[in-house]
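First the structure, in the form of structure tokens, and then the observations on it.
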Amino acid sequence: MMYLVLAFFGCLSGVTTVLFGFGGGFVVVPVLYGVLTATHGTQDAIGQSAMHIAVATSTCVMIVNSVAATRKHQRAGNILRAYVWPLAAFIAAGSLLGALAATRASGGLVRYAFIAYLAVTILDCLLRQGFMAQGEARPRPLGAGVMVGGGAAIGAIAAFLGVGGSVMTVPLLRRRGLPMSKAAAMANPLTLPVAIVGTLAYMAAARGLPQALAPWIVGYVDLLAFAALALGSLAGIRLAAPLIPRIPDRMHARVYVLLLALVMLSMLAV
């Protein structure tokens, strides 16, 4: 039953990934954290490591989501290479630092940082101009400072929290004059370096554990949960892909912020 629940939410994460550029972390982390704490409590090793397992498994799911969603958006003509590279390289460098820091932080710290990150992002989208509505300004290129400093910061924060960085890259690209469809689309290839580096770091963290948490958990990555979530997410991406060009820009931005608020509330509730 637990894996059917995870497959359902995996499907939901696939839908939000292809339409809004996020889903692996912002759907998977709260769901898997809630499932693990409900199943194991706080007494055994898995329950005590629930947040680390949720974040690590999330980064693994994001590899599948980002590759599949990028392919869908590439066919739709929404990927603009000039905004992806070399920003992706600096995100990869930052994500290595973030993933290493997360493996040494307590689960409680990661959880509260995750909630605070969501709250700040929601307020930024609502209060600062340029996200909820846009004029007719032409898209502007990313400067060198944004690529280097911004890319490293995005990678570090995203890997620490087990999210793809889309909640920073989407507003960044949106304020550079891109419509939501393209800003959300390019969050997917920019998520890939975070997902790969984060997954490898959490798997390597097995060396610091006295023993494996379970036979199906490598480091902190729950392989059974990953399989259920990944299969569901691929189905969700396939179902949602035809909707990409049909969502009005203003509605796209509003629903994006609403989904972030729902995820934040779910993390507060568990």
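By order in the structure tokens, chains are A, B, ...; within a chain, residues start at 1; ligands start at 1, following the order shown.
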
Each residue of segment 63-107 of chain A with at least one atom at most 10 Å from segment 179-193 of chain A should appear once, together with its nearest atom pair and the corresponding distance in Å (one decimal); atoms considered: only C-alpha atoms; ordering: chain, then increasing residue number; output as JSON lines.
```
{"residue": "A:Ile63", "atom": "CA", "partner": "A:Leu192", "partner_atom": "CA", "distance": 5.8}
{"residue": "A:Val64", "atom": "CA", "partner": "A:Leu192", "partner_atom": "CA", "distance": 8.9}
{"residue": "A:Asn65", "atom": "CA", "partner": "A:Asn188", "partner_atom": "CA", "distance": 7.9}
{"residue": "A:Ser66", "atom": "CA", "partner": "A:Asn188", "partner_atom": "CA", "distance": 4.7}
{"residue": "A:Val67", "atom": "CA", "partner": "A:Pro189", "partner_atom": "CA", "distance": 7.1}
{"residue": "A:Ala68", "atom": "CA", "partner": "A:Asn188", "partner_atom": "CA", "distance": 8.8}
{"residue": "A:Ala69", "atom": "CA", "partner": "A:Asn188", "partner_atom": "CA", "distance": 6.5}
{"residue": "A:Thr70", "atom": "CA", "partner": "A:Asn188", "partner_atom": "CA", "distance": 5.6}
{"residue": "A:Arg71", "atom": "CA", "partner": "A:Pro189", "partner_atom": "CA", "distance": 9.3}
{"residue": "A:Lys72", "atom": "CA", "partner": "A:Ala185", "partner_atom": "CA", "distance": 9.0}
{"residue": "A:His73", "atom": "CA", "partner": "A:Ala185", "partner_atom": "CA", "distance": 6.0}
{"residue": "A:Gln74", "atom": "CA", "partner": "A:Ala185", "partner_atom": "CA", "distance": 8.5}
{"residue": "A:Ala76", "atom": "CA", "partner": "A:Ala185", "partner_atom": "CA", "distance": 9.6}
{"residue": "A:Gly77", "atom": "CA", "partner": "A:Lys182", "partner_atom": "CA", "distance": 8.8}
{"residue": "A:Asn78", "atom": "CA", "partner": "A:Lys182", "partner_atom": "CA", "distance": 5.1}
{"residue": "A:Ile79", "atom": "CA", "partner": "A:Met186", "partner_atom": "CA", "distance": 5.8}
{"residue": "A:Leu80", "atom": "CA", "partner": "A:Met186", "partner_atom": "CA", "distance": 7.3}
{"residue": "A:Arg81", "atom": "CA", "partner": "A:Met186", "partner_atom": "CA", "distance": 8.7}
{"residue": "A:Tyr83", "atom": "CA", "partner": "A:Met186", "partner_atom": "CA", "distance": 7.7}
{"residue": "A:Val84", "atom": "CA", "partner": "A:Leu190", "partner_atom": "CA", "distance": 6.5}
{"residue": "A:Trp85", "atom": "CA", "partner": "A:Leu190", "partner_atom": "CA", "distance": 8.8}
{"residue": "A:Leu87", "atom": "CA", "partner": "A:Leu190", "partner_atom": "CA", "distance": 7.7}
{"residue": "A:Ala88", "atom": "CA", "partner": "A:Leu190", "partner_atom": "CA", "distance": 5.4}
{"residue": "A:Ala89", "atom": "CA", "partner": "A:Pro193", "partner_atom": "CA", "distance": 7.6}
{"residue": "A:Phe90", "atom": "CA", "partner": "A:Pro193", "partner_atom": "CA", "distance": 9.3}
{"residue": "A:Ile91", "atom": "CA", "partner": "A:Pro193", "partner_atom": "CA", "distance": 6.8}
{"residue": "A:Ala92", "atom": "CA", "partner": "A:Pro193", "partner_atom": "CA", "distance": 4.9}
{"residue": "A:Ala93", "atom": "CA", "partner": "A:Pro193", "partner_atom": "CA", "distance": 8.6}
{"residue": "A:Gly94", "atom": "CA", "partner": "A:Pro193", "partner_atom": "CA", "distance": 9.7}
{"residue": "A:Ser95", "atom": "CA", "partner": "A:Pro193", "partner_atom": "CA", "distance": 7.6}
{"residue": "A:Leu96", "atom": "CA", "partner": "A:Pro193", "partner_atom": "CA", "distance": 9.3}
```

Using only N, CA and C atoms, please write the residues we just selected to a file, as an mmCIF file, in the first residue's frame.
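Once everything was written out, this is out-v3.cif:
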```cif
data_model
loop_
_atom_site.group_PDB
_atom_site.id
_atom_site.type_symbol
_atom_site.label_atom_id
_atom_site.label_comp_id
_atom_site.auth_asym_id
_atom_site.auth_seq_id
_atom_site.Cartn_x
_atom_site.Cartn_y
_atom_site.Cartn_z
ATOM 1 N N ILE A 63 16.725 12.953 -11.103
ATOM 2 C CA ILE A 63 17.485 12.595 -12.307
ATOM 3 C C ILE A 63 16.519 12.124 -13.391
ATOM 4 N N VAL A 64 15.621 11.218 -13.004
ATOM 5 C CA VAL A 64 14.634 10.688 -13.955
ATOM 6 C C VAL A 64 13.716 11.800 -14.448
ATOM 7 N N ASN A 65 13.192 12.583 -13.508
ATOM 8 C CA ASN A 65 12.250 13.651 -13.875
ATOM 9 C C ASN A 65 12.872 14.685 -14.797
ATOM 10 N N SER A 66 14.078 15.136 -14.459
ATOM 11 C CA SER A 66 14.677 16.221 -15.234
ATOM 12 C C SER A 66 15.025 15.781 -16.651
ATOM 13 N N VAL A 67 15.519 14.550 -16.799
ATOM 14 C CA VAL A 67 15.856 14.057 -18.141
ATOM 15 C C VAL A 67 14.587 13.906 -18.984
ATOM 16 N N ALA A 68 13.561 13.274 -18.418
ATOM 17 C CA ALA A 68 12.326 13.046 -19.177
ATOM 18 C C ALA A 68 11.631 14.362 -19.520
ATOM 19 N N ALA A 69 11.549 15.289 -18.554
ATOM 20 C CA ALA A 69 10.877 16.570 -18.813
ATOM 21 C C ALA A 69 11.664 17.427 -19.795
ATOM 22 N N THR A 70 12.993 17.381 -19.720
ATOM 23 C CA THR A 70 13.813 18.158 -20.666
ATOM 24 C C THR A 70 13.567 17.692 -22.092
ATOM 25 N N ARG A 71 13.462 16.390 -22.291
ATOM 26 C CA ARG A 71 13.203 15.858 -23.630
ATOM 27 C C ARG A 71 11.856 16.346 -24.164
ATOM 28 N N LYS A 72 10.842 16.360 -23.293
ATOM 29 C CA LYS A 72 9.519 16.836 -23.714
ATOM 30 C C LYS A 72 9.580 18.312 -24.098
ATOM 31 N N HIS A 73 10.251 19.122 -23.276
ATOM 32 C CA HIS A 73 10.324 20.559 -23.559
ATOM 33 C C HIS A 73 11.201 20.860 -24.771
ATOM 34 N N GLN A 74 12.221 20.054 -24.989
ATOM 35 C CA GLN A 74 13.081 20.264 -26.151
ATOM 36 C C GLN A 74 12.287 20.072 -27.437
ATOM 37 N N ALA A 76 9.177 20.599 -27.718
ATOM 38 C CA ALA A 76 8.229 21.713 -27.815
ATOM 39 C C ALA A 76 8.917 23.035 -28.121
ATOM 40 N N GLY A 77 10.251 23.053 -28.189
ATOM 41 C CA GLY A 77 11.000 24.273 -28.515
ATOM 42 C C GLY A 77 11.129 25.251 -27.356
ATOM 43 N N ASN A 78 11.030 24.755 -26.111
ATOM 44 C CA ASN A 78 11.079 25.647 -24.949
ATOM 45 C C ASN A 78 12.455 25.764 -24.308
ATOM 46 N N ILE A 79 13.434 25.000 -24.759
ATOM 47 C CA ILE A 79 14.767 25.040 -24.162
ATOM 48 C C ILE A 79 15.645 26.029 -24.934
ATOM 49 N N LEU A 80 16.137 27.052 -24.240
ATOM 50 C CA LEU A 80 17.035 28.050 -24.826
ATOM 51 C C LEU A 80 18.432 27.809 -24.282
ATOM 52 N N ARG A 81 19.319 27.304 -25.114
ATOM 53 C CA ARG A 81 20.632 26.850 -24.653
ATOM 54 C C ARG A 81 21.439 27.960 -23.993
ATOM 55 N N TYR A 83 20.642 30.109 -21.915
ATOM 56 C CA TYR A 83 20.305 30.279 -20.504
ATOM 57 C C TYR A 83 20.648 29.032 -19.680
ATOM 58 N N VAL A 84 21.051 27.968 -20.339
ATOM 59 C CA VAL A 84 21.355 26.725 -19.635
ATOM 60 C C VAL A 84 22.856 26.585 -19.370
ATOM 61 N N TRP A 85 23.657 26.903 -20.366
ATOM 62 C CA TRP A 85 25.106 26.753 -20.240
ATOM 63 C C TRP A 85 25.781 28.107 -20.399
ATOM 64 N N LEU A 87 25.595 28.241 -16.954
ATOM 65 C CA LEU A 87 24.974 28.297 -15.626
ATOM 66 C C LEU A 87 24.936 26.913 -14.976
ATOM 67 N N ALA A 88 24.663 25.874 -15.772
ATOM 68 C CA ALA A 88 24.571 24.516 -15.233
ATOM 69 C C ALA A 88 25.882 24.063 -14.608
ATOM 70 N N ALA A 89 27.018 24.486 -15.167
ATOM 71 C CA ALA A 89 28.315 24.078 -14.627
ATOM 72 C C ALA A 89 28.536 24.658 -13.233
ATOM 73 N N PHE A 90 28.171 25.926 -13.033
ATOM 74 C CA PHE A 90 28.351 26.552 -11.722
ATOM 75 C C PHE A 90 27.346 26.006 -10.708
ATOM 76 N N ILE A 91 26.159 25.626 -11.181
ATOM 77 C CA ILE A 91 25.192 24.961 -10.292
ATOM 78 C C ILE A 91 25.760 23.623 -9.824
ATOM 79 N N ALA A 92 26.412 22.877 -10.715
ATOM 80 C CA ALA A 92 27.005 21.589 -10.350
ATOM 81 C C ALA A 92 28.078 21.769 -9.283
ATOM 82 N N ALA A 93 28.920 22.793 -9.434
ATOM 83 C CA ALA A 93 29.975 23.044 -8.449
ATOM 84 C C ALA A 93 29.382 23.374 -7.082
ATOM 85 N N GLY A 94 28.367 24.228 -7.053
ATOM 86 C CA GLY A 94 27.736 24.584 -5.789
ATOM 87 C C GLY A 94 27.013 23.413 -5.154
ATOM 88 N N SER A 95 26.430 22.557 -5.977
ATOM 89 C CA SER A 95 25.657 21.438 -5.430
ATOM 90 C C SER A 95 26.551 20.439 -4.705
ATOM 91 N N LEU A 96 27.798 20.329 -5.093
ATOM 92 C CA LEU A 96 28.722 19.429 -4.393
ATOM 93 C C LEU A 96 28.902 19.885 -2.948
#
```

Running DSSP on the backbone, which parts of segment 112-209 of chain A land in alpha helix (DSSP H), as a PDB file with N, CA and C atoms, in the first residue's frame?
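And here's result_17.pdb as it stands now:
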```pdb
ATOM      1  N   TYR A 112      13.661  22.357   8.728  1.00  0.00           N
ATOM      2  CA  TYR A 112      13.295  23.761   8.967  1.00  0.00           C
ATOM      3  C   TYR A 112      13.902  24.689   7.914  1.00  0.00           C
ATOM      4  N   ALA A 113      15.063  24.337   7.408  1.00  0.00           N
ATOM      5  CA  ALA A 113      15.651  25.125   6.314  1.00  0.00           C
ATOM      6  C   ALA A 113      14.786  25.010   5.065  1.00  0.00           C
ATOM      7  N   PHE A 114      14.258  23.828   4.826  1.00  0.00           N
ATOM      8  CA  PHE A 114      13.367  23.575   3.684  1.00  0.00           C
ATOM      9  C   PHE A 114      12.121  24.468   3.783  1.00  0.00           C
ATOM     10  N   ILE A 115      11.517  24.525   4.976  1.00  0.00           N
ATOM     11  CA  ILE A 115      10.310  25.336   5.179  1.00  0.00           C
ATOM     12  C   ILE A 115      10.629  26.822   5.029  1.00  0.00           C
ATOM     13  N   ALA A 116      11.740  27.264   5.628  1.00  0.00           N
ATOM     14  CA  ALA A 116      12.121  28.683   5.540  1.00  0.00           C
ATOM     15  C   ALA A 116      12.399  29.083   4.098  1.00  0.00           C
ATOM     16  N   TYR A 117      13.033  28.204   3.349  1.00  0.00           N
ATOM     17  CA  TYR A 117      13.344  28.453   1.945  1.00  0.00           C
ATOM     18  C   TYR A 117      12.073  28.669   1.129  1.00  0.00           C
ATOM     19  N   LEU A 118      11.069  27.830   1.378  1.00  0.00           N
ATOM     20  CA  LEU A 118       9.794  27.972   0.686  1.00  0.00           C
ATOM     21  C   LEU A 118       9.115  29.301   1.041  1.00  0.00           C
ATOM     22  N   ALA A 119       9.115  29.639   2.328  1.00  0.00           N
ATOM     23  CA  ALA A 119       8.447  30.864   2.775  1.00  0.00           C
ATOM     24  C   ALA A 119       9.076  32.098   2.135  1.00  0.00           C
ATOM     25  N   VAL A 120      10.395  32.158   2.113  1.00  0.00           N
ATOM     26  CA  VAL A 120      11.090  33.305   1.513  1.00  0.00           C
ATOM     27  C   VAL A 120      10.795  33.401   0.024  1.00  0.00           C
ATOM     28  N   THR A 121      10.795  32.249  -0.650  1.00  0.00           N
ATOM     29  CA  THR A 121      10.543  32.240  -2.096  1.00  0.00           C
ATOM     30  C   THR A 121       9.131  32.712  -2.422  1.00  0.00           C
ATOM     31  N   ILE A 122       8.145  32.247  -1.657  1.00  0.00           N
ATOM     32  CA  ILE A 122       6.756  32.659  -1.892  1.00  0.00           C
ATOM     33  C   ILE A 122       6.605  34.164  -1.710  1.00  0.00           C
ATOM     34  N   LEU A 123       7.178  34.706  -0.638  1.00  0.00           N
ATOM     35  CA  LEU A 123       7.097  36.150  -0.390  1.00  0.00           C
ATOM     36  C   LEU A 123       7.795  36.933  -1.502  1.00  0.00           C
ATOM     37  N   ASP A 124       8.929  36.422  -1.958  1.00  0.00           N
ATOM     38  CA  ASP A 124       9.664  37.101  -3.027  1.00  0.00           C
ATOM     39  C   ASP A 124       8.834  37.158  -4.306  1.00  0.00           C
ATOM     40  N   CYS A 125       8.182  36.044  -4.642  1.00  0.00           N
ATOM     41  CA  CYS A 125       7.360  36.009  -5.860  1.00  0.00           C
ATOM     42  C   CYS A 125       6.161  36.952  -5.763  1.00  0.00           C
ATOM     43  N   LEU A 126       5.584  37.053  -4.557  1.00  0.00           N
ATOM     44  CA  LEU A 126       4.380  37.868  -4.386  1.00  0.00           C
ATOM     45  C   LEU A 126       4.687  39.359  -4.265  1.00  0.00           C
ATOM     46  N   LEU A 127       5.785  39.702  -3.600  1.00  0.00           N
ATOM     47  CA  LEU A 127       6.041  41.089  -3.242  1.00  0.00           C
ATOM     48  C   LEU A 127       6.965  41.820  -4.206  1.00  0.00           C
ATOM     49  N   ALA A 144      27.690  37.692 -16.137  1.00  0.00           N
ATOM     50  CA  ALA A 144      28.716  36.776 -15.629  1.00  0.00           C
ATOM     51  C   ALA A 144      28.581  36.576 -14.122  1.00  0.00           C
ATOM     52  N   GLY A 145      28.281  37.656 -13.384  1.00  0.00           N
ATOM     53  CA  GLY A 145      28.138  37.551 -11.935  1.00  0.00           C
ATOM     54  C   GLY A 145      26.990  36.648 -11.532  1.00  0.00           C
ATOM     55  N   GLY A 151      24.781  30.831  -9.808  1.00  0.00           N
ATOM     56  CA  GLY A 151      24.774  29.399 -10.092  1.00  0.00           C
ATOM     57  C   GLY A 151      25.294  28.585  -8.919  1.00  0.00           C
ATOM     58  N   ALA A 152      26.400  29.025  -8.308  1.00  0.00           N
ATOM     59  CA  ALA A 152      26.966  28.306  -7.163  1.00  0.00           C
ATOM     60  C   ALA A 152      26.003  28.305  -5.983  1.00  0.00           C
ATOM     61  N   ALA A 153      25.353  29.450  -5.725  1.00  0.00           N
ATOM     62  CA  ALA A 153      24.400  29.543  -4.612  1.00  0.00           C
ATOM     63  C   ALA A 153      23.184  28.651  -4.855  1.00  0.00           C
ATOM     64  N   ILE A 154      22.677  28.666  -6.076  1.00  0.00           N
ATOM     65  CA  ILE A 154      21.530  27.818  -6.418  1.00  0.00           C
ATOM     66  C   ILE A 154      21.874  26.347  -6.197  1.00  0.00           C
ATOM     67  N   GLY A 155      23.034  25.929  -6.687  1.00  0.00           N
ATOM     68  CA  GLY A 155      23.439  24.536  -6.534  1.00  0.00           C
ATOM     69  C   GLY A 155      23.599  24.133  -5.083  1.00  0.00           C
ATOM     70  N   ALA A 156      24.234  24.995  -4.268  1.00  0.00           N
ATOM     71  CA  ALA A 156      24.479  24.668  -2.860  1.00  0.00           C
ATOM     72  C   ALA A 156      23.173  24.540  -2.084  1.00  0.00           C
ATOM     73  N   ILE A 157      22.280  25.518  -2.251  1.00  0.00           N
ATOM     74  CA  ILE A 157      21.008  25.497  -1.513  1.00  0.00           C
ATOM     75  C   ILE A 157      20.137  24.335  -1.977  1.00  0.00           C
ATOM     76  N   ALA A 158      20.078  24.128  -3.288  1.00  0.00           N
ATOM     77  CA  ALA A 158      19.219  23.070  -3.837  1.00  0.00           C
ATOM     78  C   ALA A 158      19.669  21.692  -3.368  1.00  0.00           C
ATOM     79  N   ALA A 159      20.979  21.424  -3.408  1.00  0.00           N
ATOM     80  CA  ALA A 159      21.465  20.111  -2.990  1.00  0.00           C
ATOM     81  C   ALA A 159      21.299  19.915  -1.491  1.00  0.00           C
ATOM     82  N   PHE A 160      21.481  20.965  -0.699  1.00  0.00           N
ATOM     83  CA  PHE A 160      21.318  20.862   0.756  1.00  0.00           C
ATOM     84  C   PHE A 160      19.887  20.475   1.107  1.00  0.00           C
ATOM     85  N   LEU A 161      18.911  21.032   0.371  1.00  0.00           N
ATOM     86  CA  LEU A 161      17.509  20.799   0.678  1.00  0.00           C
ATOM     87  C   LEU A 161      16.900  19.635  -0.098  1.00  0.00           C
ATOM     88  N   SER A 166      14.765  24.793  -8.902  1.00  0.00           N
ATOM     89  CA  SER A 166      13.812  25.473  -9.784  1.00  0.00           C
ATOM     90  C   SER A 166      13.167  26.680  -9.113  1.00  0.00           C
ATOM     91  N   VAL A 167      13.071  26.653  -7.784  1.00  0.00           N
ATOM     92  CA  VAL A 167      12.438  27.774  -7.102  1.00  0.00           C
ATOM     93  C   VAL A 167      13.347  28.989  -7.092  1.00  0.00           C
ATOM     94  N   MET A 168      14.605  28.825  -7.482  1.00  0.00           N
ATOM     95  CA  MET A 168      15.476  29.974  -7.716  1.00  0.00           C
ATOM     96  C   MET A 168      15.650  30.246  -9.201  1.00  0.00           C
ATOM     97  N   THR A 169      15.787  29.186 -10.012  1.00  0.00           N
ATOM     98  CA  THR A 169      16.027  29.411 -11.436  1.00  0.00           C
ATOM     99  C   THR A 169      14.783  29.944 -12.149  1.00  0.00           C
ATOM    100  N   VAL A 170      13.590  29.463 -11.768  1.00  0.00           N
ATOM    101  CA  VAL A 170      12.377  29.951 -12.440  1.00  0.00           C
ATOM    102  C   VAL A 170      12.161  31.452 -12.190  1.00  0.00           C
ATOM    103  N   PRO A 171      12.186  31.935 -10.928  1.00  0.00           N
ATOM    104  CA  PRO A 171      12.065  33.383 -10.734  1.00  0.00           C
ATOM    105  C   PRO A 171      13.198  34.169 -11.400  1.00  0.00           C
ATOM    106  N   LEU A 172      14.421  33.631 -11.375  1.00  0.00           N
ATOM    107  CA  LEU A 172      15.553  34.310 -12.008  1.00  0.00           C
ATOM    108  C   LEU A 172      15.311  34.508 -13.498  1.00  0.00           C
ATOM    109  N   LEU A 173      14.931  33.443 -14.188  1.00  0.00           N
ATOM    110  CA  LEU A 173      14.700  33.530 -15.623  1.00  0.00           C
ATOM    111  C   LEU A 173      13.436  34.317 -15.941  1.00  0.00           C
ATOM    112  N   ARG A 174      12.462  34.198 -15.075  1.00  0.00           N
ATOM    113  CA  ARG A 174      11.217  34.960 -15.247  1.00  0.00           C
ATOM    114  C   ARG A 174      11.504  36.462 -15.229  1.00  0.00           C
ATOM    115  N   MET A 180       6.607  32.133 -18.466  1.00  0.00           N
ATOM    116  CA  MET A 180       6.639  31.028 -17.528  1.00  0.00           C
ATOM    117  C   MET A 180       6.909  29.692 -18.209  1.00  0.00           C
ATOM    118  N   SER A 181       6.363  29.490 -19.405  1.00  0.00           N
ATOM    119  CA  SER A 181       6.539  28.204 -20.084  1.00  0.00           C
ATOM    120  C   SER A 181       8.018  27.897 -20.308  1.00  0.00           C
ATOM    121  N   LYS A 182       8.791  28.916 -20.721  1.00  0.00           N
ATOM    122  CA  LYS A 182      10.219  28.700 -20.982  1.00  0.00           C
ATOM    123  C   LYS A 182      11.037  28.708 -19.699  1.00  0.00           C
ATOM    124  N   ALA A 183      10.686  29.569 -18.737  1.00  0.00           N
ATOM    125  CA  ALA A 183      11.408  29.588 -17.460  1.00  0.00           C
ATOM    126  C   ALA A 183      11.253  28.252 -16.743  1.00  0.00           C
ATOM    127  N   ALA A 184      10.033  27.713 -16.723  1.00  0.00           N
ATOM    128  CA  ALA A 184       9.788  26.423 -16.080  1.00  0.00           C
ATOM    129  C   ALA A 184      10.464  25.291 -16.848  1.00  0.00           C
ATOM    130  N   ALA A 185      10.482  25.397 -18.178  1.00  0.00           N
ATOM    131  CA  ALA A 185      11.098  24.358 -18.994  1.00  0.00           C
ATOM    132  C   ALA A 185      12.590  24.249 -18.699  1.00  0.00           C
ATOM    133  N   MET A 186      13.271  25.396 -18.588  1.00  0.00           N
ATOM    134  CA  MET A 186      14.726  25.361 -18.410  1.00  0.00           C
ATOM    135  C   MET A 186      15.147  25.027 -16.997  1.00  0.00           C
ATOM    136  N   ALA A 187      14.193  25.024 -16.060  1.00  0.00           N
ATOM    137  CA  ALA A 187      14.512  24.538 -14.715  1.00  0.00           C
ATOM    138  C   ALA A 187      14.873  23.058 -14.745  1.00  0.00           C
ATOM    139  N   ASN A 188      14.392  22.331 -15.745  1.00  0.00           N
ATOM    140  CA  ASN A 188      14.631  20.889 -15.795  1.00  0.00           C
ATOM    141  C   ASN A 188      16.080  20.532 -16.138  1.00  0.00           C
ATOM    142  N   PRO A 189      16.676  21.029 -17.226  1.00  0.00           N
ATOM    143  CA  PRO A 189      18.095  20.716 -17.439  1.00  0.00           C
ATOM    144  C   PRO A 189      18.999  21.304 -16.365  1.00  0.00           C
ATOM    145  N   LEU A 190      18.594  22.434 -15.753  1.00  0.00           N
ATOM    146  CA  LEU A 190      19.402  23.031 -14.689  1.00  0.00           C
ATOM    147  C   LEU A 190      19.301  22.238 -13.386  1.00  0.00           C
ATOM    148  N   THR A 191      18.297  21.374 -13.287  1.00  0.00           N
ATOM    149  CA  THR A 191      18.143  20.506 -12.119  1.00  0.00           C
ATOM    150  C   THR A 191      19.069  19.293 -12.192  1.00  0.00           C
ATOM    151  N   LEU A 192      19.412  18.867 -13.391  1.00  0.00           N
ATOM    152  CA  LEU A 192      20.164  17.623 -13.569  1.00  0.00           C
ATOM    153  C   LEU A 192      21.497  17.601 -12.818  1.00  0.00           C
ATOM    154  N   PRO A 193      22.345  18.663 -12.896  1.00  0.00           N
ATOM    155  CA  PRO A 193      23.603  18.595 -12.142  1.00  0.00           C
ATOM    156  C   PRO A 193      23.397  18.473 -10.637  1.00  0.00           C
ATOM    157  N   VAL A 194      22.385  19.161 -10.102  1.00  0.00           N
ATOM    158  CA  VAL A 194      22.084  19.049  -8.668  1.00  0.00           C
ATOM    159  C   VAL A 194      21.685  17.619  -8.325  1.00  0.00           C
ATOM    160  N   ALA A 195      20.845  17.032  -9.161  1.00  0.00           N
ATOM    161  CA  ALA A 195      20.339  15.681  -8.897  1.00  0.00           C
ATOM    162  C   ALA A 195      21.462  14.651  -8.921  1.00  0.00           C
ATOM    163  N   ILE A 196      22.336  14.732  -9.903  1.00  0.00           N
ATOM    164  CA  ILE A 196      23.429  13.746 -10.019  1.00  0.00           C
ATOM    165  C   ILE A 196      24.407  13.882  -8.863  1.00  0.00           C
ATOM    166  N   VAL A 197      24.864  15.115  -8.610  1.00  0.00           N
ATOM    167  CA  VAL A 197      25.844  15.328  -7.535  1.00  0.00           C
ATOM    168  C   VAL A 197      25.247  14.960  -6.178  1.00  0.00           C
ATOM    169  N   GLY A 198      23.996  15.377  -5.935  1.00  0.00           N
ATOM    170  CA  GLY A 198      23.350  15.076  -4.662  1.00  0.00           C
ATOM    171  C   GLY A 198      23.201  13.583  -4.429  1.00  0.00           C
ATOM    172  N   THR A 199      22.786  12.853  -5.452  1.00  0.00           N
ATOM    173  CA  THR A 199      22.606  11.404  -5.321  1.00  0.00           C
ATOM    174  C   THR A 199      23.924  10.708  -5.002  1.00  0.00           C
ATOM    175  N   LEU A 200      24.988  11.062  -5.711  1.00  0.00           N
ATOM    176  CA  LEU A 200      26.291  10.445  -5.466  1.00  0.00           C
ATOM    177  C   LEU A 200      26.789  10.748  -4.054  1.00  0.00           C
ATOM    178  N   ALA A 201      26.571  11.986  -3.592  1.00  0.00           N
ATOM    179  CA  ALA A 201      27.022  12.364  -2.251  1.00  0.00           C
ATOM    180  C   ALA A 201      26.276  11.580  -1.174  1.00  0.00           C
ATOM    181  N   TYR A 202      24.970  11.413  -1.334  1.00  0.00           N
ATOM    182  CA  TYR A 202      24.198  10.676  -0.339  1.00  0.00           C
ATOM    183  C   TYR A 202      24.497   9.180  -0.367  1.00  0.00           C
ATOM    184  N   MET A 203      24.795   8.642  -1.533  1.00  0.00           N
ATOM    185  CA  MET A 203      25.192   7.237  -1.587  1.00  0.00           C
ATOM    186  C   MET A 203      26.552   7.033  -0.919  1.00  0.00           C
ATOM    187  N   ALA A 204      27.466   7.977  -1.149  1.00  0.00           N
ATOM    188  CA  ALA A 204      28.789   7.882  -0.531  1.00  0.00           C
ATOM    189  C   ALA A 204      28.719   8.026   0.979  1.00  0.00           C
TER     190      ALA A 204
END
```

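Nearest residue to Ser13 of chain A, choosing from A:Ala228, A:Leu36, A:Val28, A:Val263 and counting only C-alpha atoms: A:Val28.
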
To one decimal place, how far is atom CA of Ile244 of chain A from atom CA of Pro86 of chain A in Å?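 Going from atom CA of Ile244 of chain A over to atom CA of Pro86 of chain A covers 25.6 Å.
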
Could you check which of A:Pro245, A:Pro215, A:Gly150, A:Gly236 is closest to Leu12 of chain A, using only C-alpha atoms? A:Gly236

Need to verify the contact set: Met51 of chain A, 9 Å, only C-alpha atoms, exclusion of same-chain residues closer than 4 positions in sequence. Can you return it as a list of chain:residue names?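 Everything that qualifies: A:Val29, A:Pro30, A:Leu32, A:Tyr33, A:Leu36, A:Thr37, A:Gly47, A:Val55, A:Ala56, A:Ser106, A:Gly107, A:Gly108, A:Val110, A:Arg111.
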
Would you save the residues of that selection, restricted to N, CA and C atoms, as a compact mmCIF listing (two decimals), in the first residue's frame?
```
# COMPACT_ATOMS: atom_id res chain seq x y z
N VAL A 29 9.94 15.04 -1.15
CA VAL A 29 10.49 15.19 0.20
C VAL A 29 9.39 15.17 1.27
N PRO A 30 8.35 16.02 1.17
CA PRO A 30 7.32 15.97 2.22
C PRO A 30 6.60 14.63 2.29
N LEU A 32 7.62 11.50 1.26
CA LEU A 32 8.43 10.40 1.75
C LEU A 32 8.79 10.60 3.22
N TYR A 33 9.04 11.83 3.63
CA TYR A 33 9.31 12.11 5.05
C TYR A 33 8.09 11.71 5.89
N LEU A 36 7.73 7.78 5.95
CA LEU A 36 8.74 7.12 6.78
C LEU A 36 8.52 7.35 8.27
N THR A 37 8.17 8.58 8.64
CA THR A 37 7.94 8.85 10.06
C THR A 37 6.67 8.15 10.55
N GLY A 47 13.51 5.79 10.95
CA GLY A 47 12.70 6.92 11.40
C GLY A 47 13.55 8.11 11.78
N VAL A 55 15.34 13.39 1.42
CA VAL A 55 16.11 14.31 0.57
C VAL A 55 16.96 13.53 -0.43
N ALA A 56 17.63 12.48 0.04
CA ALA A 56 18.50 11.70 -0.84
C ALA A 56 17.71 11.00 -1.94
N SER A 106 21.79 17.93 10.85
CA SER A 106 20.72 17.12 11.44
C SER A 106 19.48 17.16 10.55
N GLY A 107 18.66 16.12 10.66
CA GLY A 107 17.42 16.08 9.88
C GLY A 107 16.51 17.24 10.21
N GLY A 108 16.46 17.63 11.49
CA GLY A 108 15.61 18.76 11.90
C GLY A 108 16.04 20.05 11.24
N VAL A 110 17.64 20.41 8.37
CA VAL A 110 17.30 20.35 6.94
C VAL A 110 15.80 20.63 6.75
N ARG A 111 14.98 20.06 7.63
CA ARG A 111 13.52 20.25 7.52
C ARG A 111 13.15 21.72 7.69
```
